[in-house]
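Q: Handing over upload-v4.pdb, PDB, C-alpha atoms and all ligand atoms.
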```
ATOM      1  CA  MET A 770     -37.548  39.572   3.151
ATOM      2  CA  PRO A 771     -40.706  37.725   4.242
ATOM      3  CA  ARG A 772     -40.044  33.987   4.317
ATOM      4  CA  LEU A 773     -42.578  32.512   1.919
ATOM      5  CA  ALA A 774     -42.376  29.098   0.272
ATOM      6  CA  TYR A 775     -44.242  27.388  -2.551
ATOM      7  CA  VAL A 776     -45.622  23.949  -1.820
ATOM      8  CA  ASP A 777     -47.847  22.096  -4.251
ATOM      9  CA  GLY A 778     -49.851  24.954  -5.673
ATOM     10  CA  ARG A 779     -49.720  27.494  -2.844
ATOM     11  CA  ILE A 780     -47.420  30.217  -1.585
ATOM     12  CA  VAL A 781     -47.396  29.942   2.202
ATOM     13  CA  PRO A 782     -45.304  31.204   5.130
ATOM     14  CA  LEU A 783     -42.185  29.050   5.390
ATOM     15  CA  ALA A 784     -43.060  28.102   8.967
ATOM     16  CA  ALA A 785     -46.383  26.688   7.772
ATOM     17  CA  ALA A 786     -44.975  24.942   4.673
ATOM     18  CA  SER A 787     -44.919  21.154   4.904
ATOM     19  CA  VAL A 788     -45.005  17.910   2.954
ATOM     20  CA  GLY A 789     -46.344  14.583   4.203
ATOM     21  CA  VAL A 790     -44.191  12.147   6.175
ATOM     22  CA  GLU A 791     -44.756   9.563   3.451
ATOM     23  CA  ASP A 792     -43.226  11.801   0.830
ATOM     24  CA  ARG A 793     -40.587   9.795  -1.018
ATOM     25  CA  GLY A 794     -38.192  12.706  -0.686
ATOM     26  CA  LEU A 795     -38.093  12.051   3.068
ATOM     27  CA  GLN A 796     -38.397   8.261   2.914
ATOM     28  CA  PHE A 797     -35.933   7.523   0.102
ATOM     29  CA  ALA A 798     -34.278  10.811  -0.997
ATOM     30  CA  ASP A 799     -36.260  10.042  -4.163
ATOM     31  CA  GLY A 800     -36.054  13.477  -5.701
ATOM     32  CA  VAL A 801     -34.003  16.057  -7.542
ATOM     33  CA  TYR A 802     -33.303  19.723  -6.952
ATOM     34  CA  GLU A 803     -31.851  22.940  -8.287
ATOM     35  CA  VAL A 804     -30.284  25.934  -6.559
ATOM     36  CA  CYS A 805     -30.638  29.175  -8.514
ATOM     37  CA  ALA A 806     -29.137  32.570  -7.796
ATOM     38  CA  VAL A 807     -31.483  35.545  -7.604
ATOM     39  CA  LEU A 808     -29.616  38.802  -8.179
ATOM     40  CA  ASN A 809     -31.331  42.160  -8.409
ATOM     41  CA  GLY A 810     -34.546  40.146  -8.140
ATOM     42  CA  ARG A 811     -33.677  38.283 -11.376
ATOM     43  CA  LEU A 812     -32.927  34.620 -11.906
ATOM     44  CA  LEU A 813     -29.405  33.884 -13.119
ATOM     45  CA  ASP A 814     -29.010  31.191 -15.808
ATOM     46  CA  TRP A 815     -32.641  30.062 -15.576
ATOM     47  CA  PRO A 816     -32.678  28.131 -18.914
ATOM     48  CA  ALA A 817     -29.672  26.021 -17.825
ATOM     49  CA  HIS A 818     -31.202  25.218 -14.424
ATOM     50  CA  ALA A 819     -34.585  24.365 -15.959
ATOM     51  CA  ALA A 820     -32.947  22.132 -18.578
ATOM     52  CA  ARG A 821     -30.867  20.284 -15.953
ATOM     53  CA  LEU A 822     -33.947  19.776 -13.765
ATOM     54  CA  THR A 823     -35.926  18.344 -16.694
ATOM     55  CA  HIS A 824     -33.011  16.074 -17.637
ATOM     56  CA  ASN A 825     -32.609  14.820 -14.055
ATOM     57  CA  LEU A 826     -36.346  14.141 -13.668
ATOM     58  CA  GLY A 827     -36.087  12.048 -16.833
ATOM     59  CA  GLU A 828     -33.069  10.138 -15.479
ATOM     60  CA  LEU A 829     -35.118   9.113 -12.412
ATOM     61  CA  ALA A 830     -38.399   8.669 -14.353
ATOM     62  CA  ILE A 831     -40.137  11.234 -12.158
ATOM     63  CA  ARG A 832     -42.978  12.989 -13.949
ATOM     64  CA  ALA A 833     -42.288  16.721 -14.424
ATOM     65  CA  PRO A 834     -44.816  18.564 -12.238
ATOM     66  CA  MET A 835     -45.304  21.148 -15.015
ATOM     67  CA  GLY A 836     -43.560  22.652 -18.029
ATOM     68  CA  ASP A 837     -40.571  25.028 -17.850
ATOM     69  CA  ALA A 838     -42.649  28.151 -18.509
ATOM     70  CA  ALA A 839     -45.064  27.413 -15.654
ATOM     71  CA  LEU A 840     -42.148  26.575 -13.355
ATOM     72  CA  ALA A 841     -40.466  29.881 -14.222
ATOM     73  CA  MET A 842     -43.720  31.737 -13.580
ATOM     74  CA  ILE A 843     -44.027  30.223 -10.103
ATOM     75  CA  ALA A 844     -40.369  30.946  -9.350
ATOM     76  CA  ARG A 845     -40.861  34.595 -10.350
ATOM     77  CA  ARG A 846     -44.087  34.838  -8.322
ATOM     78  CA  LEU A 847     -42.258  33.526  -5.263
ATOM     79  CA  ILE A 848     -39.345  35.939  -5.790
ATOM     80  CA  ALA A 849     -41.851  38.822  -6.009
ATOM     81  CA  ALA A 850     -43.835  37.636  -2.984
ATOM     82  CA  ASN A 851     -40.607  37.449  -0.975
ATOM     83  CA  ARG A 852     -39.508  40.845  -2.341
ATOM     84  CA  ALA A 853     -36.177  39.073  -2.853
ATOM     85  CA  THR A 854     -33.238  40.961  -4.323
ATOM     86  CA  GLU A 855     -30.099  38.901  -3.488
ATOM     87  CA  ALA A 856     -31.221  35.399  -2.613
ATOM     88  CA  LEU A 857     -31.052  31.691  -3.367
ATOM     89  CA  LEU A 858     -34.037  29.824  -4.775
ATOM     90  CA  TYR A 859     -34.230  26.103  -4.010
ATOM     91  CA  ILE A 860     -36.468  23.972  -6.203
ATOM     92  CA  GLN A 861     -37.131  20.417  -5.158
ATOM     93  CA  VAL A 862     -39.203  17.812  -6.983
ATOM     94  CA  THR A 863     -39.808  14.421  -5.383
ATOM     95  CA  ARG A 864     -41.616  11.405  -6.770
ATOM     96  CA  GLY A 865     -44.473  12.296  -4.418
ATOM     97  CA  SER A 866     -46.216  10.840  -1.414
ATOM     98  CA  ALA A 867     -47.250   7.186  -1.332
ATOM     99  CA  ARG A 868     -47.451   4.181   0.992
ATOM    100  CA  ARG A 869     -43.880   3.173   1.720
ATOM    101  CA  ASP A 870     -42.619   0.699  -0.841
ATOM    102  CA  HIS A 871     -39.247   0.802  -2.572
ATOM    103  CA  GLY A 872     -40.650   0.339  -6.089
ATOM    104  CA  PHE A 873     -42.240   3.303  -7.839
ATOM    105  CA  PRO A 874     -45.859   3.910  -6.803
ATOM    106  CA  ALA A 875     -48.403   3.959  -9.637
ATOM    107  CA  ASP A 876     -49.766   7.374 -10.627
ATOM    108  CA  THR A 877     -48.293   9.427  -7.822
ATOM    109  CA  ARG A 878     -48.315  13.180  -8.222
ATOM    110  CA  PRO A 879     -44.776  14.589  -7.886
ATOM    111  CA  THR A 880     -44.235  17.023  -5.022
ATOM    112  CA  LEU A 881     -42.916  20.465  -5.991
ATOM    113  CA  VAL A 882     -41.395  22.667  -3.312
ATOM    114  CA  MET A 883     -39.644  26.016  -3.708
ATOM    115  CA  THR A 884     -37.972  27.830  -0.834
ATOM    116  CA  MET A 885     -35.845  30.960  -0.723
ATOM    117  CA  ARG A 886     -33.351  32.561   1.581
ATOM    118  CA  PRO A 887     -31.464  35.835   1.414
ATOM    119  CA  PHE A 888     -27.865  35.386   0.294
ATOM    120  CA  ASP A 889     -25.054  37.924   0.299
ATOM    121  CA  PHE A 890     -23.127  37.374  -2.935
ATOM    122  CA  ALA A 891     -20.752  40.239  -2.061
ATOM    123  CA  GLN A 892     -19.157  38.022   0.633
ATOM    124  CA  ARG A 893     -17.650  36.025  -2.229
ATOM    125  CA  VAL A 894     -15.644  39.031  -3.411
ATOM    126  CA  ALA A 895     -13.779  39.193  -0.073
ATOM    127  CA  GLN A 896     -13.170  35.433  -0.234
ATOM    128  CA  GLN A 897     -11.936  35.851  -3.802
ATOM    129  CA  ALA A 898      -9.269  38.268  -2.607
ATOM    130  CA  ARG A 899      -8.051  35.942   0.175
ATOM    131  CA  GLY A 900      -8.701  32.519  -1.311
ATOM    132  CA  VAL A 901     -10.148  29.571   0.583
ATOM    133  CA  ALA A 902      -8.844  26.263   1.903
ATOM    134  CA  ALA A 903      -9.959  22.814   0.777
ATOM    135  CA  ILE A 904      -9.444  19.407   2.319
ATOM    136  CA  THR A 905      -9.786  16.068   0.545
ATOM    137  CA  VAL A 906     -11.952  13.120   1.549
ATOM    138  CA  PRO A 907     -12.660   9.755  -0.089
ATOM    139  CA  ASP A 908     -15.550   9.963  -2.549
ATOM    140  CA  GLU A 909     -18.148   7.732  -0.902
ATOM    141  CA  ARG A 910     -21.091   8.811  -3.055
ATOM    142  CA  TRP A 911     -23.226   6.617  -5.292
ATOM    143  CA  GLY A 912     -22.529   5.952  -8.974
ATOM    144  CA  ARG A 913     -24.688   8.716 -10.509
ATOM    145  CA  CYS A 914     -23.193  11.938  -9.193
ATOM    146  CA  ASP A 915     -24.096  13.565 -12.521
ATOM    147  CA  VAL A 916     -27.750  13.596 -11.404
ATOM    148  CA  LYS A 917     -28.541  16.389  -8.935
ATOM    149  CA  THR A 918     -30.501  14.288  -6.460
ATOM    150  CA  THR A 919     -31.538  15.122  -2.924
ATOM    151  CA  GLY A 920     -29.507  12.089  -1.745
ATOM    152  CA  LEU A 921     -26.710  14.288  -0.391
ATOM    153  CA  LEU A 922     -25.603  12.493   2.770
ATOM    154  CA  ALA A 923     -22.021  11.837   1.604
ATOM    155  CA  ASN A 924     -21.759  15.479   0.454
ATOM    156  CA  VAL A 925     -23.150  16.678   3.803
ATOM    157  CA  LEU A 926     -20.597  14.612   5.744
ATOM    158  CA  ALA A 927     -17.759  15.825   3.510
ATOM    159  CA  LYS A 928     -18.764  19.488   3.931
ATOM    160  CA  GLN A 929     -19.060  19.087   7.688
ATOM    161  CA  HIS A 930     -15.581  17.553   7.766
ATOM    162  CA  ALA A 931     -14.305  20.603   5.844
ATOM    163  CA  ARG A 932     -15.949  23.010   8.301
ATOM    164  CA  GLU A 933     -14.522  21.157  11.281
ATOM    165  CA  SER A 934     -11.083  21.391   9.627
ATOM    166  CA  GLY A 935     -11.433  25.147   9.085
ATOM    167  CA  ALA A 936     -11.716  24.664   5.316
ATOM    168  CA  PHE A 937     -14.329  26.009   2.916
ATOM    169  CA  GLU A 938     -14.708  22.917   0.747
ATOM    170  CA  ALA A 939     -13.991  19.181   0.680
ATOM    171  CA  TRP A 940     -12.735  17.684  -2.574
ATOM    172  CA  LEU A 941     -14.019  14.179  -3.201
ATOM    173  CA  VAL A 942     -11.267  11.815  -4.276
ATOM    174  CA  ALA A 943     -11.903   8.511  -6.054
ATOM    175  CA  ALA A 944     -10.070   5.260  -5.335
ATOM    176  CA  ASP A 945      -7.727   5.955  -8.289
ATOM    177  CA  GLY A 946      -6.553   9.167  -6.577
ATOM    178  CA  THR A 947      -8.280  11.604  -8.940
ATOM    179  CA  VAL A 948     -10.443  14.484  -7.758
ATOM    180  CA  ALA A 949     -14.070  14.295  -8.910
ATOM    181  CA  GLU A 950     -15.424  17.618  -7.590
ATOM    182  CA  GLY A 951     -16.188  19.391  -4.324
ATOM    183  CA  ALA A 952     -19.022  18.574  -1.939
ATOM    184  CA  SER A 953     -21.042  21.381  -3.559
ATOM    185  CA  THR A 954     -18.705  22.856  -6.183
ATOM    186  CA  ASN A 955     -16.771  21.826  -9.281
ATOM    187  CA  ALA A 956     -12.984  21.543  -8.950
ATOM    188  CA  TRP A 957     -10.320  23.077 -11.209
ATOM    189  CA  LEU A 958      -6.631  23.793 -11.471
ATOM    190  CA  VAL A 959      -4.503  26.042 -13.650
ATOM    191  CA  ASP A 960      -1.329  24.268 -14.756
ATOM    192  CA  HIS A 961       2.091  25.896 -15.210
ATOM    193  CA  THR A 962       1.392  26.563 -18.910
ATOM    194  CA  GLY A 963      -1.733  28.564 -17.985
ATOM    195  CA  THR A 964      -4.194  25.839 -19.079
ATOM    196  CA  LEU A 965      -7.386  25.521 -17.074
ATOM    197  CA  VAL A 966      -8.085  21.889 -16.137
ATOM    198  CA  THR A 967     -11.298  20.394 -14.770
ATOM    199  CA  PRO A 968     -12.506  16.776 -14.627
ATOM    200  CA  ALA A 969     -14.489  15.702 -17.689
ATOM    201  CA  LEU A 970     -18.250  15.242 -17.312
ATOM    202  CA  THR A 971     -18.679  11.613 -16.328
ATOM    203  CA  ARG A 972     -21.088   9.961 -13.892
ATOM    204  CA  ARG A 973     -18.791  11.112 -11.071
ATOM    205  CA  VAL A 974     -19.246  14.825 -11.731
ATOM    206  CA  LEU A 975     -22.246  17.147 -11.572
ATOM    207  CA  PRO A 976     -22.467  19.246 -14.738
ATOM    208  CA  GLY A 977     -22.414  22.580 -12.902
ATOM    209  CA  VAL A 978     -24.170  25.523 -14.482
ATOM    210  CA  MET A 979     -21.274  27.727 -13.320
ATOM    211  CA  ARG A 980     -18.774  25.158 -14.665
ATOM    212  CA  ALA A 981     -20.285  25.620 -18.127
ATOM    213  CA  ALA A 982     -20.213  29.422 -17.729
ATOM    214  CA  VAL A 983     -16.535  29.331 -16.718
ATOM    215  CA  VAL A 984     -15.585  27.092 -19.671
ATOM    216  CA  GLU A 985     -17.270  29.643 -21.931
ATOM    217  CA  ALA A 986     -15.616  32.619 -20.180
ATOM    218  CA  ALA A 987     -12.193  30.955 -20.427
ATOM    219  CA  ARG A 988     -12.619  30.374 -24.165
ATOM    220  CA  ASP A 989     -13.748  34.010 -24.616
ATOM    221  CA  HIS A 990     -10.561  35.127 -22.849
ATOM    222  CA  GLN A 991      -8.268  32.782 -24.818
ATOM    223  CA  ILE A 992      -7.524  30.702 -21.704
ATOM    224  CA  PRO A 993      -7.119  27.086 -22.914
ATOM    225  CA  VAL A 994      -9.404  24.560 -21.188
ATOM    226  CA  VAL A 995      -8.752  20.822 -20.899
ATOM    227  CA  GLU A 996     -11.308  18.445 -19.391
ATOM    228  CA  ARG A 997      -9.372  15.606 -17.742
ATOM    229  CA  GLY A 998      -8.771  14.095 -14.346
ATOM    230  CA  PHE A 999      -6.085  15.284 -11.928
ATOM    231  CA  THR A1000      -4.726  14.021  -8.635
ATOM    232  CA  VAL A1001      -4.552  15.840  -5.321
ATOM    233  CA  ALA A1002      -0.746  16.049  -5.685
ATOM    234  CA  GLU A1003      -1.094  17.643  -9.131
ATOM    235  CA  ALA A1004      -3.529  20.237  -7.747
ATOM    236  CA  GLN A1005      -1.241  20.976  -4.798
ATOM    237  CA  GLY A1006       1.645  21.547  -7.211
ATOM    238  CA  ALA A1007      -0.406  23.515  -9.758
ATOM    239  CA  ALA A1008      -0.027  27.232 -10.448
ATOM    240  CA  GLU A1009      -3.589  27.835  -9.180
ATOM    241  CA  ALA A1010      -6.603  25.882  -7.982
ATOM    242  CA  LEU A1011     -10.207  27.010  -7.859
ATOM    243  CA  ILE A1012     -13.804  26.009  -7.334
ATOM    244  CA  THR A1013     -17.012  27.120  -9.016
ATOM    245  CA  SER A1014     -20.734  26.937  -8.274
ATOM    246  CA  THR A1015     -23.851  29.045  -8.446
ATOM    247  CA  THR A1016     -23.374  30.107  -4.834
ATOM    248  CA  ALA A1017     -19.580  30.572  -5.093
ATOM    249  CA  PRO A1018     -19.068  31.677  -8.698
ATOM    250  CA  VAL A1019     -15.236  31.534  -8.850
ATOM    251  CA  LEU A1020     -13.193  31.066  -5.673
ATOM    252  CA  PRO A1021      -9.431  30.546  -5.557
ATOM    253  CA  VAL A1022      -8.313  27.551  -3.487
ATOM    254  CA  VAL A1023      -5.012  28.520  -1.884
ATOM    255  CA  ARG A1024      -4.513  25.537   0.416
ATOM    256  CA  ILE A1025      -5.299  21.831  -0.149
ATOM    257  CA  ASP A1026      -4.914  19.529   2.865
ATOM    258  CA  GLY A1027      -2.692  22.194   4.433
ATOM    259  CA  VAL A1028      -0.364  22.497   1.396
ATOM    260  CA  ALA A1029      -0.135  25.995  -0.107
ATOM    261  CA  VAL A1030      -1.081  26.211  -3.786
ATOM    262  CA  GLY A1031       0.617  28.879  -5.920
ATOM    263  CA  GLY A1032       2.425  30.354  -2.923
ATOM    264  CA  GLY A1033      -0.797  30.371  -0.886
ATOM    265  CA  VAL A1034      -2.257  33.442  -2.608
ATOM    266  CA  PRO A1035      -4.906  33.760  -5.346
ATOM    267  CA  GLY A1036      -3.444  33.752  -8.846
ATOM    268  CA  PRO A1037      -4.017  35.891 -11.946
ATOM    269  CA  ALA A1038      -5.918  33.339 -14.074
ATOM    270  CA  THR A1039      -8.520  32.836 -11.331
ATOM    271  CA  ALA A1040      -8.842  36.618 -10.940
ATOM    272  CA  ARG A1041      -9.436  37.013 -14.701
ATOM    273  CA  LEU A1042     -12.042  34.258 -14.703
ATOM    274  CA  ALA A1043     -13.756  35.758 -11.659
ATOM    275  CA  SER A1044     -14.039  39.179 -13.253
ATOM    276  CA  ALA A1045     -15.330  37.607 -16.495
ATOM    277  CA  VAL A1046     -17.981  35.725 -14.522
ATOM    278  CA  TRP A1047     -19.049  38.789 -12.517
ATOM    279  CA  ALA A1048     -19.323  40.711 -15.811
ATOM    280  CA  ARG A1049     -21.544  37.961 -17.205
ATOM    281  CA  ILE A1050     -23.684  38.100 -14.045
ATOM    282  CA  ALA A1051     -23.969  41.893 -14.417
ATOM    283  CA  ASP A1052     -25.000  41.494 -18.081
ATOM    284  CA  GLN A1053     -27.781  39.081 -17.158
ATOM    285  CA  THR A1054     -29.075  40.635 -13.947
ATOM    286  CA  GLY A1055     -27.559  44.109 -13.559
ATOM    287  CA  TYR A1056     -26.045  42.959 -10.242
ATOM    288  CA  ARG A1057     -22.594  44.264  -9.312
ATOM    289  CA  PRO A1058     -21.134  43.172  -5.971
TER     290      PRO A1058
HETATM  291  C1  LIG A1101     -21.766  18.128  -6.037
HETATM  292  C2  LIG A1101     -21.857  19.451  -6.726
HETATM  293  N1  LIG A1101     -20.989  19.735  -7.700
HETATM  294  C3  LIG A1101     -21.022  20.926  -8.348
HETATM  295  C4  LIG A1101     -21.957  21.898  -8.024
HETATM  296  C5  LIG A1101     -21.985  23.200  -8.786
HETATM  297  O1  LIG A1101     -23.120  23.266  -9.619
HETATM  298  P1  LIG A1101     -23.756  24.656 -10.079
HETATM  299  O2  LIG A1101     -22.658  25.397 -10.775
HETATM  300  O3  LIG A1101     -24.857  24.282 -11.011
HETATM  301  O4  LIG A1101     -24.217  25.368  -8.844
HETATM  302  C6  LIG A1101     -22.897  21.639  -7.024
HETATM  303  C7  LIG A1101     -23.889  22.644  -6.682
HETATM  304  O5  LIG A1101     -24.597  22.545  -5.718
HETATM  305  C8  LIG A1101     -22.847  20.377  -6.359
HETATM  306  O6  LIG A1101     -23.736  20.080  -5.398
END
```
Produce structure tokens that represent the structure in this file.
A:
Amino acid sequence: MPRLAYVDGRIVPLAAASVGVEDRGLQFADGVYEVCAVLNGRLLDWPAHAARLTHNLGELAIRAPMGDAALAMIARRLIAANRATEALLYIQVTRGSARRDHGFPADTRPTLVMTMRPFDFAQRVAQQARGVAAITVPDERWGRCDVKTTGLLANVLAKQHARESGAFEAWLVAADGTVAEGASTNAWLVDHTGTLVTPALTRRVLPGVMRAAVVEAARDHQIPVVERGFTVAEAQGAAEALITSTTAPVLPVVRIDGVAVGGGVPGPATARLASAVWARIADQTGYRP
């Protein structure tokens, strides 16, 4: 796959792609982003990603660089130019470049950047069979985690902590002991009655596109879903635990802070949800891992 990026109107080699040092994305993390899956060369869940991007731009009062249709056209042009089949597409919009000043600059053109990288979705199937480990860390993020901003330092530090602990994900735990979500995934458990539980959508939780897909899949498969908080101890004692995201559609969590969940092996509810989600992905894109 050639590495081509889109920056402000042009598709250019990634190595030559750049934005100015005064861009507010660099200076203030003053921007939002989306990560979309490209499978079989097709965008998965594009309408949901485009809608979340538009909503988040509105939350930060950043002007949309263009409408959804034009954005989709550029995304598809970049996918074609990269001859991408299985890949991730990153879309970033910042408030733009301006003389450094905390307040919003007047009339600045937003910066739009799209980059891509190949991504092997089939690796998730092997992880699904084994399950992954999670650790927990205090949630030190800001108060608007529902907005997908480029201000990801606390998430970066949490994920690095997970990697250094040999875990796949870090769950972010609030002062009241409840789990908000993972550093880059939504968090779930399956209780001993077979009910799927995930934290409700508050300002502490990113409304994941895959979260919404899994809620829908669960309802289609008559798996009850409850949106409420849970503690680390409840997750450790649950029948199953799992995480979801665009890049890790449904992954069983079999160990939390070293404590085995559900006997330390992936459980049946997670397996059913995973196959429902892969079927949905196949319906949309034709991709089968
Ligand atoms: C903090 C956080 N929560 C949840 C998710 C999952 O969101 P999605 O399903 O849209 O990929 C992400 C994705 O990057 C994330 O960064």
Q: So which one's closest to His930 in chain A, A:Ala785, A:Val1019, A:Val994, A:Val906? Using all atoms listed in the file, please.
A: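 Among A:Ala785, A:Val1019, A:Val994, A:Val906, it is A:Val906 that comes nearest to His930 in chain A.
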Q: Residues up to 10 Å from ligand LIG 1101 (chain A), counting only C-alpha atoms and all ligand atoms: could you list those as a PyMOL selection string?
A: chain A and resi 802-806+814+817-818+821+910+914-919+921+923-925+940-941+949-956+973-983+1012-1019
Q: Give as a PyMOL selection string each residue that has an atom at most 12 Å from (-40.6, 31.1, -12.0) in the file, counting all atoms listed in the file.
A: chain A and resi 775+805+807+810-813+815-816+818-819+835-850+858-860+883-884
Q: Please write the residues picked by the PyMOL selection byres (((chain A and resi 1020) around 10) and not hetatm) on this file as a list in words.
A: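 When the PyMOL selection byres (((chain A and resi 1020) around 10) and not hetatm) is applied, the selected residues are Arg893, Val894, Ala895, Gln896, Gln897, Ala898, Arg899, Gly900, Val901, Ala902, Thr954, Ala1010, Leu1011, Ile1012, Thr1013, Ser1014, Ala1017, Pro1018, Val1019, Pro1021, Val1022, Val1023, Pro1035, Thr1039, Ala1040, Leu1042 and Ala1043 of chain A.
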Q: Just checking: using all atoms listed in the file, which residue out of A:Leu773, A:Val862, A:Ile992, A:Ala1051 ends up closest to Val788 in chain A?
A: A:Val862
Q: Just the number, please: distance in Å from CA of Ala943 in chain A to CA of Glu909 in chain A, one decimal.
A: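 Between these atoms lies a distance of 8.1 Å.
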Q: So how many Å separate CA of Leu881 in chain A and CA of Val776 in chain A, to one decimal?
A: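 Between CA of Leu881 in chain A and CA of Val776 in chain A the gap works out to 6.1 Å.
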Q: Which residues are near Gly1032 in chain A? Cut-off 10 Å, only C-alpha atoms, ignore same chain within fewer than 4 positions. Put them as a PyMOL selection string.
A: chain A and resi 1006+1008-1009+1023-1024+1028+1036
Q: For the selection you just gave me, I'd like the residues written to a file as a PDB file, keeping the file's coordinate frame, keeping C-alpha atoms.
A:
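Output file selection_3.pdb follows:
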```
ATOM      1  CA  GLY A1006       1.645  21.547  -7.211  1.00  0.00           C
ATOM      2  CA  ALA A1008      -0.027  27.232 -10.448  1.00  0.00           C
ATOM      3  CA  GLU A1009      -3.589  27.835  -9.180  1.00  0.00           C
ATOM      4  CA  VAL A1023      -5.012  28.520  -1.884  1.00  0.00           C
ATOM      5  CA  ARG A1024      -4.513  25.537   0.416  1.00  0.00           C
ATOM      6  CA  VAL A1028      -0.364  22.497   1.396  1.00  0.00           C
ATOM      7  CA  GLY A1036      -3.444  33.752  -8.846  1.00  0.00           C
TER       8      GLY A1036
END
```
Q: Could you work out how far CA of Ala784 in chain A lies from CA of Pro879 in chain A, giving the answer in Å with one decimal?
A: 21.7 Å
Q: Nearest to Arg779 in chain A: which of A:Val882, A:Leu829, A:Ala853, A:Ala936 is it, counting all atoms listed in the file?
A: A:Val882
Q: Taking (-30.4, 43.8, -10.0) in the file's own coordinates, collect the residues within 8 Å, counting all atoms listed in the file, and hand them back as a ChimeraX atom specification.
A: /A:808-811,854,1054-1057
Q: Taking the file as shown, what set of residues would the PyMOL selection byres (((chain A and resi 866-868) around 10) and not hetatm) give back, as a list in words?
A: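 This file gives the following for the PyMOL selection byres (((chain A and resi 866-868) around 10) and not hetatm): Val788, Gly789, Val790, Glu791, Asp792, Arg793, Gly794, Leu795, Gln796, Thr863, Arg864, Gly865, Arg869, Asp870, His871, Phe873, Pro874, Ala875, Asp876, Thr877, Arg878, Pro879 and Thr880 of chain A.
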Q: Find the axis-aligned box for range 1026-1043 of chain A, covering all its listed atoms and adding 4 Å on each side, and write its centre and edge lengths in Å to one decimal as JSON.
A:
```
{"center_x": -5.7, "center_y": 28.3, "center_z": -5.1, "size_x": 24.2, "size_y": 25.5, "size_z": 27.1}
```
Q: Neighbouring residues of Ala931 in chain A were defined as those with any atom within 10 Å, considering only C-alpha atoms; residues of the same chain fewer than 2 positions away were excluded. Please report them as a VMD selection string.
A: chain A and resid 902 to 906 925 to 929 933 to 940 952 1026
Q: Have a look at A:Asp945, A:Glu1003, A:Asp799, A:Asp908 and name the one nearest to Thr967 in chain A; count all atoms listed in the file.
A: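 Nearest candidate to Thr967 in chain A out of A:Asp945, A:Glu1003, A:Asp799, A:Asp908: A:Glu1003.
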Q: For Gln892 in chain A, which residue among A:Gly920, A:Gly963, A:Glu855, A:His824 is the nearest when counting only C-alpha atoms?
A: A:Glu855
Q: Check the smallest atom-to-atom distance from each of A:Ala833, A:Ala1029, A:Ala798, A:Ala891 to Ala1004 in chain A using only C-alpha atoms, then report the winner.
A: A:Ala1029
